[in-house]
Amino acid sequence: MTVQQPNVLVTGATGRVGSEAVRLLTAARNPARALVRDASRAPHGAEIAVGDFDRPDTLDAAMRGIDTVLLVSPAVPAQEIAVIDSAVRHGVTHIVKVTSKASADSPVDRRRGQARIEAHLLASGVAYTLLRSNAYPQNLFALAPMVKQTRGFLMSAGDGRVGLTDARDVAAAAAAILTAPAPHAAKTYLLTGPELVTYADVARELTDALGYPVEYRRTSPEDHRSVMILAGLPEPVATSNAQAFGLIAQGDAAWLSDDVESLTGDRPRGLHAFIAENLGDFA
Ligand SMILES: NC(=O)c1ccc[n+]([C@@H]2O[C@H](COP(=O)([O-])OP(=O)(O)OC[C@H]3O[C@@H](n4cnc5c(N)ncnc54)[C@H](OP(=O)(O)O)[C@@H]3O)[C@@H](O)[C@H]2O)c1
């Protein structure tokens, strides 16, 4: 029996999107190679390439024999640019990049960073697909300890609505594209969940599911930034988070699209199901 060699490389394969993409590709018998820093944490079913975005030699080793890359990472520009450059050196034909509401003049540092990466990808000449996602409900896990301890959470998104996109639906969209990438070249998909929700809706869903009141404690982005820094977040991350929450309050994340369903054939997951599935984390 011949063993099919993987022709898809998934970066960030221990992360939320990458691990699910590997799982889906493996289940669809489309073998993937998983780039991981620690082999013991690699997802099952994939060939493993141990590597680090900061070590181009490890990226080059991971790229051998690869046609298509799913580029997902914390999106530090120099690191993703290193992956793109390595892919170019190895004749990769298509890169599917997970990104956000990137723009070169965004007040949010990490969105400007994403714009730099996107510009580099477009200039590389490799066929590309951008998966521009709204915020992930998985971010709510960061609030879980506070919900557990205080039956409430602090947030600076006001009454802004968000088209929360489950990271697993981002992975499903990516896996669908990676299976037959050519028709998706030079396309940008907007990935969102099925509905617009506010953090008051999050509090209401948690209240209903847990059976006791969970309070949404509103604060300003400035105060929220200080609280996040006190809680141990690195300052640049806290600053970007607070800026993004402030933008959400102004309606910046109130966008929806049908792209998840058109790509995967399935309705995207909503907030209610997400909380029901993960209630143990908040209880
Ligand atoms: N969170 C949101 O709401 C949101 C919304 C829209 C778009 N996005 C985009 O989604 C992407 C993040 O996806 P995600 O949530 O799946 O990421 P994630 O769960 O934070 O995972 C990050 C992955 O990158 C790996 N990694 C970090 N540094 C590395 C290095 N130096 N070398 C090799 N691997 C490294 C991590 O490996 P380790 O396990 O070894 O750390 C992990 O596998 C970003 O582009 C972000 O802009 C996020």
# chains A, B, ... in the order shown; residues from 1 in each chain; ligands from 1
call {"tool": "select_by_dssp", "arguments": {"residues": "stretch 144-225 of chain A", "states": "alpha helix (DSSP H)", "output": "PyMOL selection string"}}
result
chain A and resi 144-150+167-179+199-210+221-225
call {"tool": "residues_near_ligand", "arguments": {"ligand": "ligand 1", "cutoff": "9 Å", "atoms": "only C-alpha atoms and all ligand atoms", "output": "ChimeraX atom specification"}}
result
/A:11-20,35-38,41-42,50-55,71-76,79,97-102,110-111,114,131-139,164-168,170-171,191
call {"tool": "write_last_selection", "arguments": {"atoms": "C-alpha atoms", "output": "CSV table (one decimal), in the first residue's frame"}}
result
chain,number,residue,atom,x,y,z
A,11,THR,CA,0.9,26.3,10.7
A,12,GLY,CA,-0.2,27.1,14.2
A,13,ALA,CA,-1.4,23.5,14.3
A,14,THR,CA,-1.7,23.4,18.1
A,15,GLY,CA,-3.9,26.5,18.0
A,16,ARG,CA,-7.7,26.9,17.8
A,17,VAL,CA,-8.0,27.1,14.0
A,18,GLY,CA,-5.0,25.1,13.1
A,19,SER,CA,-5.7,22.0,15.3
A,20,GLU,CA,-9.3,21.8,14.0
A,35,LEU,CA,4.0,22.7,11.9
A,36,VAL,CA,4.4,22.7,15.7
A,37,ARG,CA,6.9,23.9,18.2
A,38,ASP,CA,6.5,20.9,20.5
A,41,ARG,CA,1.4,18.7,21.5
A,42,ALA,CA,0.9,18.0,17.8
A,50,VAL,CA,8.8,20.6,14.3
A,51,GLY,CA,9.6,24.2,13.6
A,52,ASP,CA,9.5,27.8,14.7
A,53,PHE,CA,8.4,30.9,12.8
A,54,ASP,CA,11.6,32.5,14.1
A,55,ARG,CA,13.8,29.9,12.5
A,71,LEU,CA,-1.1,30.3,7.4
A,72,VAL,CA,-2.4,30.8,10.9
A,73,SER,CA,-0.4,32.2,13.8
A,74,PRO,CA,-0.5,35.0,16.3
A,75,ALA,CA,0.2,37.1,13.2
A,76,VAL,CA,3.4,38.7,14.1
A,79,GLN,CA,7.0,35.6,11.5
A,97,LYS,CA,-4.3,33.0,5.3
A,98,VAL,CA,-6.4,33.5,8.3
A,99,THR,CA,-6.7,37.2,9.0
A,100,SER,CA,-8.9,39.8,10.7
A,101,LYS,CA,-10.4,43.2,9.8
A,102,ALA,CA,-6.9,44.3,8.6
A,110,ARG,CA,-2.3,44.1,15.2
A,111,ARG,CA,-4.7,45.0,12.4
A,114,GLN,CA,-2.2,41.9,9.4
A,131,LEU,CA,-10.2,34.3,5.4
A,132,ARG,CA,-11.2,37.6,7.1
A,133,SER,CA,-12.9,36.5,10.3
A,134,ASN,CA,-15.0,38.4,12.9
A,135,ALA,CA,-14.1,37.8,16.6
A,136,TYR,CA,-14.0,34.2,17.9
A,137,PRO,CA,-16.4,33.2,20.7
A,138,GLN,CA,-13.4,31.3,22.0
A,139,ASN,CA,-12.1,34.7,23.3
A,164,LEU,CA,-18.9,36.1,16.5
A,165,THR,CA,-17.2,33.4,14.3
A,166,ASP,CA,-16.5,30.1,15.9
A,167,ALA,CA,-12.8,29.3,15.3
A,168,ARG,CA,-13.9,25.8,14.3
A,170,VAL,CA,-12.9,29.2,10.3
A,171,ALA,CA,-11.1,25.9,10.3
A,191,LEU,CA,-16.3,34.6,8.0
call {"tool": "residues_around", "arguments": {"residues": "A:Tyr128", "least_positions_apart": "5", "cutoff": "10 Å", "atoms": "only C-alpha atoms", "output": "VMD selection string"}}
result
chain A and resid 68 to 70 93 to 97 118 121 to 122 181 to 182 184 to 188
call {"tool": "residues_around", "arguments": {"residues": "stretch 237-239 of chain A", "least_positions_apart": "5", "cutoff": "7 Å", "atoms": "only C-alpha atoms", "output": "list in words"}}
result
Arg225, Met228 and Ile229 of chain A
call {"tool": "residues_around", "arguments": {"residues": "A:Asp159", "least_positions_apart": "2", "cutoff": "7 Å", "atoms": "only C-alpha atoms", "output": "list in words"}}
result
Ala157, Arg161, Thr198, Tyr199 and Ala249 of chain A
call {"tool": "write_last_selection", "arguments": {"atoms": "C-alpha atoms", "output": "tab-separated table (two decimals), in the first residue's frame"}}
result
chain	number	residue	atom	x	y	z
A	157	ALA	CA	-17.52	46.79	24.15
A	161	ARG	CA	-22.83	43.94	18.20
A	198	THR	CA	-23.71	41.94	22.26
A	199	TYR	CA	-21.90	41.24	25.52
A	249	ALA	CA	-18.71	49.54	20.89
call {"tool": "closest_atom_pairs", "arguments": {"of": "stretch 160-237 of chain A", "to": "stretch 274-283 of chain A", "cutoff": "12 Å", "atoms": "only C-alpha atoms", "output": "JSON lines"}}
result
{"residue": "A:Leu164", "atom": "CA", "partner": "A:Phe274", "partner_atom": "CA", "distance": 10.4}
{"residue": "A:Thr165", "atom": "CA", "partner": "A:Phe274", "partner_atom": "CA", "distance": 10.5}
{"residue": "A:Asp166", "atom": "CA", "partner": "A:Phe274", "partner_atom": "CA", "distance": 8.1}
{"residue": "A:Ala167", "atom": "CA", "partner": "A:Phe274", "partner_atom": "CA", "distance": 10.8}
{"residue": "A:Arg168", "atom": "CA", "partner": "A:Phe274", "partner_atom": "CA", "distance": 10.7}
{"residue": "A:Asp169", "atom": "CA", "partner": "A:Phe274", "partner_atom": "CA", "distance": 11.8}
{"residue": "A:Gly193", "atom": "CA", "partner": "A:Phe274", "partner_atom": "CA", "distance": 10.9}
{"residue": "A:Asp201", "atom": "CA", "partner": "A:Ile275", "partner_atom": "CA", "distance": 11.3}
{"residue": "A:Val202", "atom": "CA", "partner": "A:Ile275", "partner_atom": "CA", "distance": 8.6}
{"residue": "A:Ala203", "atom": "CA", "partner": "A:Ile275", "partner_atom": "CA", "distance": 10.5}
{"residue": "A:Arg204", "atom": "CA", "partner": "A:Ile275", "partner_atom": "CA", "distance": 10.8}
{"residue": "A:Glu205", "atom": "CA", "partner": "A:Ile275", "partner_atom": "CA", "distance": 7.2}
{"residue": "A:Leu206", "atom": "CA", "partner": "A:Ile275", "partner_atom": "CA", "distance": 7.0}
{"residue": "A:Thr207", "atom": "CA", "partner": "A:Ala283", "partner_atom": "CA", "distance": 10.4}
{"residue": "A:Asp208", "atom": "CA", "partner": "A:Ala276", "partner_atom": "CA", "distance": 10.0}
{"residue": "A:Ala209", "atom": "CA", "partner": "A:Ala276", "partner_atom": "CA", "distance": 6.9}
{"residue": "A:Leu210", "atom": "CA", "partner": "A:Ala283", "partner_atom": "CA", "distance": 6.6}
{"residue": "A:Gly211", "atom": "CA", "partner": "A:Ala283", "partner_atom": "CA", "distance": 9.8}
{"residue": "A:Tyr212", "atom": "CA", "partner": "A:Ala283", "partner_atom": "CA", "distance": 10.1}
{"residue": "A:Pro213", "atom": "CA", "partner": "A:Ala283", "partner_atom": "CA", "distance": 11.8}
{"residue": "A:Val214", "atom": "CA", "partner": "A:Phe282", "partner_atom": "CA", "distance": 10.2}
call {"tool": "residues_around", "arguments": {"residues": "A:Leu247", "least_positions_apart": "2", "cutoff": "10 Å", "atoms": "only C-alpha atoms", "output": "count of residues only"}}
result
17
call {"tool": "closest_residue", "arguments": {"among": "A:Phe153, A:Arg23, A:Ala78, A:Asn30", "to": "A:Ala200", "atoms": "only C-alpha atoms"}}
result
A:Phe153
call {"tool": "residues_around", "arguments": {"residues": "A:Ile117", "least_positions_apart": "5", "cutoff": "7 Å", "atoms": "only C-alpha atoms", "output": "VMD selection string"}}
result
chain A and resid 77 80 to 81
call {"tool": "write_last_selection", "arguments": {"atoms": "C-alpha atoms", "output": "compact mmCIF listing (two decimals), in the first residue's frame"}}
result
# COMPACT_ATOMS: atom_id res chain seq x y z
CA PRO A 77 4.35 40.28 10.75
CA GLU A 80 4.21 35.24 8.85
CA ILE A 81 6.39 36.99 6.28
call {"tool": "select_by_dssp", "arguments": {"residues": "stretch 176-227 of chain A", "states": "strand (DSSP E)", "output": "JSON, numbers by chain"}}
result
{"A": [187, 188, 189, 190, 191, 215, 216, 217, 218]}
call {"tool": "write_last_selection", "arguments": {"atoms": "N, CA, C and O atoms", "output": "tab-separated table (two decimals), in the first residue's frame"}}
result
chain	number	residue	atom	x	y	z
A	187	LYS	N	-9.34	35.29	-3.74
A	187	LYS	CA	-10.64	35.61	-3.12
A	187	LYS	C	-10.45	35.91	-1.63
A	187	LYS	O	-9.59	35.32	-0.98
A	188	THR	N	-11.27	36.80	-1.14
A	188	THR	CA	-11.32	37.10	0.28
A	188	THR	C	-12.71	36.72	0.78
A	188	THR	O	-13.71	37.18	0.21
A	189	TYR	N	-12.76	35.86	1.77
A	189	TYR	CA	-14.05	35.47	2.35
A	189	TYR	C	-14.21	36.14	3.71
A	189	TYR	O	-13.24	36.29	4.46
A	190	LEU	N	-15.43	36.54	3.99
A	190	LEU	CA	-15.76	37.17	5.28
A	190	LEU	C	-16.43	36.10	6.12
A	190	LEU	O	-17.50	35.62	5.77
A	191	LEU	N	-15.77	35.70	7.19
A	191	LEU	CA	-16.30	34.59	7.99
A	191	LEU	C	-16.93	35.12	9.27
A	191	LEU	O	-16.26	35.83	10.05
A	215	GLU	N	-23.34	39.00	35.54
A	215	GLU	CA	-23.43	40.45	35.28
A	215	GLU	C	-22.39	40.90	34.23
A	215	GLU	O	-21.22	40.49	34.31
A	216	TYR	N	-22.85	41.71	33.30
A	216	TYR	CA	-21.94	42.37	32.37
A	216	TYR	C	-21.56	43.71	33.00
A	216	TYR	O	-22.38	44.60	33.10
A	217	ARG	N	-20.30	43.82	33.47
A	217	ARG	CA	-19.84	45.05	34.11
A	217	ARG	C	-19.14	45.91	33.07
A	217	ARG	O	-18.07	45.56	32.59
A	218	ARG	N	-19.79	47.00	32.71
A	218	ARG	CA	-19.27	47.85	31.64
A	218	ARG	C	-18.15	48.74	32.15
A	218	ARG	O	-18.24	49.29	33.24
call {"tool": "closest_residue", "arguments": {"among": "A:Thr179, A:Ala173, A:Ala82, A:Val147", "to": "A:Asn7", "atoms": "only C-alpha atoms"}}
result
A:Thr179
call {"tool": "closest_residue", "arguments": {"among": "A:Ala123, A:Pro194, A:Pro56, A:Asp223", "to": "A:Asp266", "atoms": "only C-alpha atoms"}}
result
A:Pro194
call {"tool": "atom_distance", "arguments": {"atom1": "atom CA of A:Thr58", "atom2": "atom CA of A:Ala46"}}
result
17.2 Å
call {"tool": "closest_residue", "arguments": {"among": "A:Met146, A:Glu261, A:Ala174, A:Ala39", "to": "A:Ala231", "atoms": "only C-alpha atoms"}}
result
A:Met146
call {"tool": "atom_distance", "arguments": {"atom1": "atom CA of A:Arg89", "atom2": "atom CA of A:Glu47"}}
result
21.2 Å
